[in-house]
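Shown next, in structure tokens, is the structure this report addresses.
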Amino acid sequence: MKNKFSDNRISFSYKYFRVFLLLLFLTTNIQAQEYKTVVAEKGDGIYSILKRNGLSPSDHFDPFIELNKSKLGRNNTLFAGQSYSLPIEEEMTNSIPVSGATYLIFGKAYEKVIPIDNALNGAVYYLVSGHGGPDPGAVGRYGNHTLCEDEYAYDVTLRLARRLIEHGALVYMIIRDENDGIRDDSYLTPDKDEKCYANHTIPRNQVRRLRQRKDAVNKLYIKHKGSFQRLIITHVDSRSRGENIDVFFYHDKRSKTGKKLASNLQQTFKKKYDTHQPNRGYHGTISDRNLYVLKYSYPPAVFIELGNINHYRDQQRFIRNNNRQALANWLAEGLLLDFKNNK
């Protein structure tokens, strides 16, 4: 980012700073936290002081200026010997506030999150919904409506994030859309403004897109080394219109923990179907697959196919908001089981 700002740019930076932190799951009361301070050394600039303290200059340059604008010289220079506040790293605290907290990323109707318990305290989840940005993923038709994979996978993933936070988890939305929030509409309007953590434009090239996601997850994994960490990837499959499929799961063949994660999720879905639709049966499978993000990401991971976007019965799983919520709830319950079984 440039270090010359017009008055309008400063105004925009302030707005961006507030929204940006909230989109990364910071609680509304985070301003009450104490900022870490550092003393500038001779020759220091904003870039060098951020890098030395493990903060990305591209992500934290504007927040640093907003925190310290009364202490900066011409062209945002630093003064040797002056103490400066460092921006808070983009994450959501996993301690549960008694009165709940507000998360703008979930949208107006769902932004207030009231804690249920602290069952996932200590767990860190990276949630990646498939495709996004220039790539809508699989596309289906329902009457006159177009159903895009990235919109429905994202909505289920947002609902899952909210559920995990209700149980005290630390959650990162690796793919996110600042405008959408959780939507209860049947037909979700497609757009191309999704970003990859932290606020990076999603490339059109598939390999670059997958590498971007993998890199974002792995950087965070190193930061949380020693914690219980899981990567959850959600997609919607595209098959022939006549093929009805259940939710199924992929894992990396080298990861026993990933296989166990997939098994805990599958076990939960089978139990739910046995309870709610006892005569239906559940045929969701677990298998290994050589997928880029599964293969090269550090945390144990599962790749989930939520259904066939071209099949009428599977489409009901997506277009009905209560079914999308049920998918999120069941996935969260499976992750609770996985956490309990691996503690």
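The chains in the structure tokens are called A, B, ... from first to last as shown; in each chain the residues are counted from 1, and the ligands are counted from 1 in the order shown.
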
| message | Which residues are near His235 in chain A? Cut-off 6 Å, only C-alpha atoms, ignore same chain within fewer than 4 positions. Put them as a ChimeraX atom specification. | response | /A:130,153,304-305

In range 73-202 of chain A, what's strand (DSSP E) per DSSP? Answer as a PyMOL selection string?
chain A and resi 83-85+101-102+112-113+123-129+139-142+145-148+170-173+175-176+195-196+200-201

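The neighbours of Phe249 in chain A here are the residues that come within 9 Å of it, using only C-alpha atoms and leaving out any residue fewer than 6 positions away in the same chain; they are Ala262, Ser263, Leu265, Gln266, Gly284, Thr285, Ile286, Ser287, Asp288, Val302, Phe303, Ile304, Glu305 and Leu306 of chain A.
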
Please identify all polymer residues within 9 Å of Lys214 in chain A, counting only C-alpha atoms, omitting same-chain residues fewer than 6 positions from it, and present them as a list in words.
->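 Residues near the query, excluding close chain neighbours: Tyr292, Val293, Leu294, Tyr296, Ser297 and Tyr298 of chain A.
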
**Asked** So which residues touch Asn68 in chain A within 9 Å, counting only C-alpha atoms, skipping near sequence neighbours fewer than 4 positions away, as a PyMOL selection string?
**Response** chain A and resi 63-64+72+84-86

With distances taken over only C-alpha atoms, which residue among A:Tyr172, A:Tyr125, A:Tyr273, A:Tyr142 lies nearest Ser186 in chain A?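 Smallest separation from Ser186 in chain A among the options: A:Tyr142.
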
Mind checking which residues fall within 6 Å of range 253-261 of chain A, counting only C-alpha atoms, ignoring those fewer than 6 positions away in the same chain, and posting them as a compact mmCIF listing (two decimals) with N, CA, C and O atoms, in the first residue's frame?
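This went into result-v9.txt:
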# COMPACT_ATOMS: atom_id res chain seq x y z
N ASP A 288 -10.39 -41.84 0.15
CA ASP A 288 -9.26 -40.93 -0.01
C ASP A 288 -9.24 -40.42 -1.45
O ASP A 288 -9.74 -41.07 -2.37
N PRO A 300 -5.06 -31.64 9.69
CA PRO A 300 -5.94 -32.71 9.22
C PRO A 300 -7.17 -32.10 8.56
O PRO A 300 -7.74 -31.13 9.05
N ALA A 301 -7.57 -32.69 7.43
CA ALA A 301 -8.59 -32.03 6.61
C ALA A 301 -9.62 -33.02 6.10
O ALA A 301 -9.35 -34.22 5.96
N ASP A 338 -15.63 -35.34 16.80
CA ASP A 338 -14.23 -35.47 16.44
C ASP A 338 -13.32 -34.85 17.50
O ASP A 338 -12.28 -35.42 17.85

Quiz item: Do you know which residues are at most 6 Å from Ile174 in chain A counting only C-alpha atoms, after dropping those on the same chain fewer than 6 positions away, and could you put them as a ChimeraX atom specification?
Solution: /A:127-128,196-197

Give me a file of those residues, with C-alpha atoms, as a JSON list (two decimals), in the first residue's frame.
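Final file, result-v1.json:
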[["chain", "number", "residue", "atom", "x", "y", "z"],
["A", 127, "LEU", "CA", -13.41, -23.24, 6.79],
["A", 128, "VAL", "CA", -13.02, -23.16, 3.01],
["A", 196, "CYS", "CA", -9.46, -15.20, 0.28],
["A", 197, "TYR", "CA", -7.99, -14.67, 3.74]]

Discussion item. For a test of reading the model, state the distance in Å between CA of Leu331 in chain A and CA of Ala198 in chain A, rounded to one decimal.
Written reply: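 Going from CA of Leu331 in chain A over to CA of Ala198 in chain A covers 24.7 Å.
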
Original post:
Which residues in range 79-233 of chain A does DSSP call alpha helix (DSSP H)? List them as a PyMOL selection string.
Top reply: chain A and resi 149-166+206-223

Keeping only N, CA and C atoms, write those residues as an mmCIF file, in the first residue's frame.
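Contents of out.cif, as written:
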data_model
loop_
_atom_site.group_PDB
_atom_site.id
_atom_site.type_symbol
_atom_site.label_atom_id
_atom_site.label_comp_id
_atom_site.auth_asym_id
_atom_site.auth_seq_id
_atom_site.Cartn_x
_atom_site.Cartn_y
_atom_site.Cartn_z
ATOM 1 N N GLU A 149 -22.804 -23.266 -7.209
ATOM 2 C CA GLU A 149 -22.164 -24.006 -6.128
ATOM 3 C C GLU A 149 -21.550 -23.093 -5.077
ATOM 4 N N ASP A 150 -20.813 -22.068 -5.514
ATOM 5 C CA ASP A 150 -20.076 -21.271 -4.540
ATOM 6 C C ASP A 150 -20.999 -20.548 -3.565
ATOM 7 N N GLU A 151 -22.186 -20.141 -4.013
ATOM 8 C CA GLU A 151 -23.111 -19.419 -3.132
ATOM 9 C C GLU A 151 -23.705 -20.340 -2.072
ATOM 10 N N TYR A 152 -24.098 -21.543 -2.458
ATOM 11 C CA TYR A 152 -24.736 -22.458 -1.506
ATOM 12 C C TYR A 152 -23.706 -23.088 -0.564
ATOM 13 N N ALA A 153 -22.523 -23.409 -1.086
ATOM 14 C CA ALA A 153 -21.465 -23.917 -0.206
ATOM 15 C C ALA A 153 -21.068 -22.853 0.814
ATOM 16 N N TYR A 154 -21.015 -21.595 0.375
ATOM 17 C CA TYR A 154 -20.645 -20.510 1.278
ATOM 18 C C TYR A 154 -21.688 -20.314 2.376
ATOM 19 N N ASP A 155 -22.968 -20.372 2.023
ATOM 20 C CA ASP A 155 -24.013 -20.164 3.014
ATOM 21 C C ASP A 155 -23.984 -21.265 4.076
ATOM 22 N N VAL A 156 -23.812 -22.513 3.655
ATOM 23 C CA VAL A 156 -23.706 -23.613 4.619
ATOM 24 C C VAL A 156 -22.474 -23.420 5.491
ATOM 25 N N THR A 157 -21.378 -22.981 4.890
ATOM 26 C CA THR A 157 -20.132 -22.798 5.636
ATOM 27 C C THR A 157 -20.250 -21.670 6.653
ATOM 28 N N LEU A 158 -20.913 -20.569 6.282
ATOM 29 C CA LEU A 158 -21.159 -19.485 7.234
ATOM 30 C C LEU A 158 -21.970 -19.976 8.424
ATOM 31 N N ARG A 159 -23.002 -20.747 8.136
ATOM 32 C CA ARG A 159 -23.840 -21.283 9.210
ATOM 33 C C ARG A 159 -23.031 -22.220 10.115
ATOM 34 N N LEU A 160 -22.148 -23.003 9.506
ATOM 35 C CA LEU A 160 -21.274 -23.872 10.293
ATOM 36 C C LEU A 160 -20.345 -23.046 11.169
ATOM 37 N N ALA A 161 -19.768 -21.984 10.619
ATOM 38 C CA ALA A 161 -18.878 -21.114 11.401
ATOM 39 C C ALA A 161 -19.599 -20.569 12.630
ATOM 40 N N ARG A 162 -20.798 -20.103 12.417
ATOM 41 C CA ARG A 162 -21.575 -19.534 13.526
ATOM 42 C C ARG A 162 -21.841 -20.590 14.603
ATOM 43 N N ARG A 163 -22.160 -21.786 14.167
ATOM 44 C CA ARG A 163 -22.435 -22.870 15.117
ATOM 45 C C ARG A 163 -21.189 -23.222 15.929
ATOM 46 N N LEU A 164 -20.050 -23.272 15.266
ATOM 47 C CA LEU A 164 -18.811 -23.600 15.968
ATOM 48 C C LEU A 164 -18.449 -22.530 16.983
ATOM 49 N N ILE A 165 -18.677 -21.264 16.624
ATOM 50 C CA ILE A 165 -18.416 -20.165 17.557
ATOM 51 C C ILE A 165 -19.338 -20.260 18.769
ATOM 52 N N GLU A 166 -20.587 -20.672 18.543
ATOM 53 C CA GLU A 166 -21.511 -20.856 19.666
ATOM 54 C C GLU A 166 -20.974 -21.862 20.675
ATOM 55 N N GLN A 206 -6.967 -21.903 -11.723
ATOM 56 C CA GLN A 206 -7.325 -22.863 -10.681
ATOM 57 C C GLN A 206 -6.150 -23.210 -9.762
ATOM 58 N N VAL A 207 -4.989 -23.455 -10.338
ATOM 59 C CA VAL A 207 -3.829 -23.826 -9.526
ATOM 60 C C VAL A 207 -3.460 -22.690 -8.583
ATOM 61 N N ARG A 208 -3.429 -21.467 -9.095
ATOM 62 C CA ARG A 208 -3.131 -20.314 -8.242
ATOM 63 C C ARG A 208 -4.188 -20.153 -7.157
ATOM 64 N N ARG A 209 -5.435 -20.418 -7.505
ATOM 65 C CA ARG A 209 -6.537 -20.281 -6.550
ATOM 66 C C ARG A 209 -6.382 -21.284 -5.405
ATOM 67 N N LEU A 210 -6.077 -22.528 -5.748
ATOM 68 C CA LEU A 210 -5.921 -23.554 -4.720
ATOM 69 C C LEU A 210 -4.674 -23.302 -3.872
ATOM 70 N N ARG A 211 -3.611 -22.856 -4.516
ATOM 71 C CA ARG A 211 -2.381 -22.560 -3.770
ATOM 72 C C ARG A 211 -2.604 -21.410 -2.794
ATOM 73 N N GLN A 212 -3.381 -20.418 -3.212
ATOM 74 C CA GLN A 212 -3.680 -19.278 -2.346
ATOM 75 C C GLN A 212 -4.377 -19.744 -1.068
ATOM 76 N N ARG A 213 -5.328 -20.634 -1.203
ATOM 77 C CA ARG A 213 -6.063 -21.141 -0.036
ATOM 78 C C ARG A 213 -5.174 -21.973 0.867
ATOM 79 N N LYS A 214 -4.387 -22.837 0.233
ATOM 80 C CA LYS A 214 -3.465 -23.678 0.988
ATOM 81 C C LYS A 214 -2.468 -22.830 1.773
ATOM 82 N N ASP A 215 -1.930 -21.804 1.134
ATOM 83 C CA ASP A 215 -0.951 -20.937 1.797
ATOM 84 C C ASP A 215 -1.572 -20.193 2.981
ATOM 85 N N ALA A 216 -2.813 -19.727 2.809
ATOM 86 C CA ALA A 216 -3.490 -19.013 3.897
ATOM 87 C C ALA A 216 -3.677 -19.926 5.099
ATOM 88 N N VAL A 217 -4.103 -21.158 4.857
ATOM 89 C CA VAL A 217 -4.316 -22.120 5.947
ATOM 90 C C VAL A 217 -3.002 -22.476 6.617
ATOM 91 N N ASN A 218 -1.981 -22.752 5.837
ATOM 92 C CA ASN A 218 -0.710 -23.196 6.410
ATOM 93 C C ASN A 218 -0.039 -22.107 7.243
ATOM 94 N N LYS A 219 -0.172 -20.863 6.809
ATOM 95 C CA LYS A 219 0.384 -19.757 7.591
ATOM 96 C C LYS A 219 -0.294 -19.675 8.962
ATOM 97 N N LEU A 220 -1.606 -19.826 8.979
ATOM 98 C CA LEU A 220 -2.346 -19.784 10.238
ATOM 99 C C LEU A 220 -2.050 -21.015 11.094
ATOM 100 N N TYR A 221 -1.873 -22.152 10.448
ATOM 101 C CA TYR A 221 -1.561 -23.380 11.184
ATOM 102 C C TYR A 221 -0.260 -23.229 11.985
ATOM 103 N N ILE A 222 0.742 -22.643 11.352
ATOM 104 C CA ILE A 222 2.024 -22.426 12.041
ATOM 105 C C ILE A 222 1.841 -21.480 13.228
ATOM 106 N N LYS A 223 1.013 -20.466 13.028
ATOM 107 C CA LYS A 223 0.744 -19.520 14.110
ATOM 108 C C LYS A 223 0.107 -20.210 15.313
#

If you count only C-alpha atoms, the residue of A:Phe269, A:Tyr250, A:Tyr282, A:Tyr187 closest to Cys148 in chain A turns out to be A:Tyr187

Two-atom distance - CA of Leu55 in chain A, CA of Val38 in chain A (Å):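 Pair CA of Leu55 in chain A / CA of Val38 in chain A returns 12.8 Å.
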
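Candidate residues A:Asp185, A:Gly132, A:Ala101, A:Tyr47 were compared for distance to Asn321 in chain A, and the nearest is A:Asp185, using only C-alpha atoms.
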
- Query: Of the candidates A:Pro136, A:Arg324, A:Pro299, A:Gln316, which shows the shortest atom-to-atom distance to Ser227 in chain A, using only C-alpha atoms?
  - Reply: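 So, comparing all the options, the nearest one is A:Pro299.
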
Using only C-alpha atoms, can you tell me which of A:Gln229, A:Ser83, A:Asn323, A:Asn310 comes closest to Val124 in chain A?
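Closest residue, counting only C-alpha atoms: A:Gln229.
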
Lys69 in chain A proximity check over A:Ile202, A:Ile88, A:Ile46, A:Val247, using only C-alpha atoms: winner is A:Ile46

Review point. What does the distance from CA of Phe339 in chain A to CA of Arg320 in chain A come to in Å, to one decimal?
Key: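 Distance reported for this atom pair: 29.0 Å.
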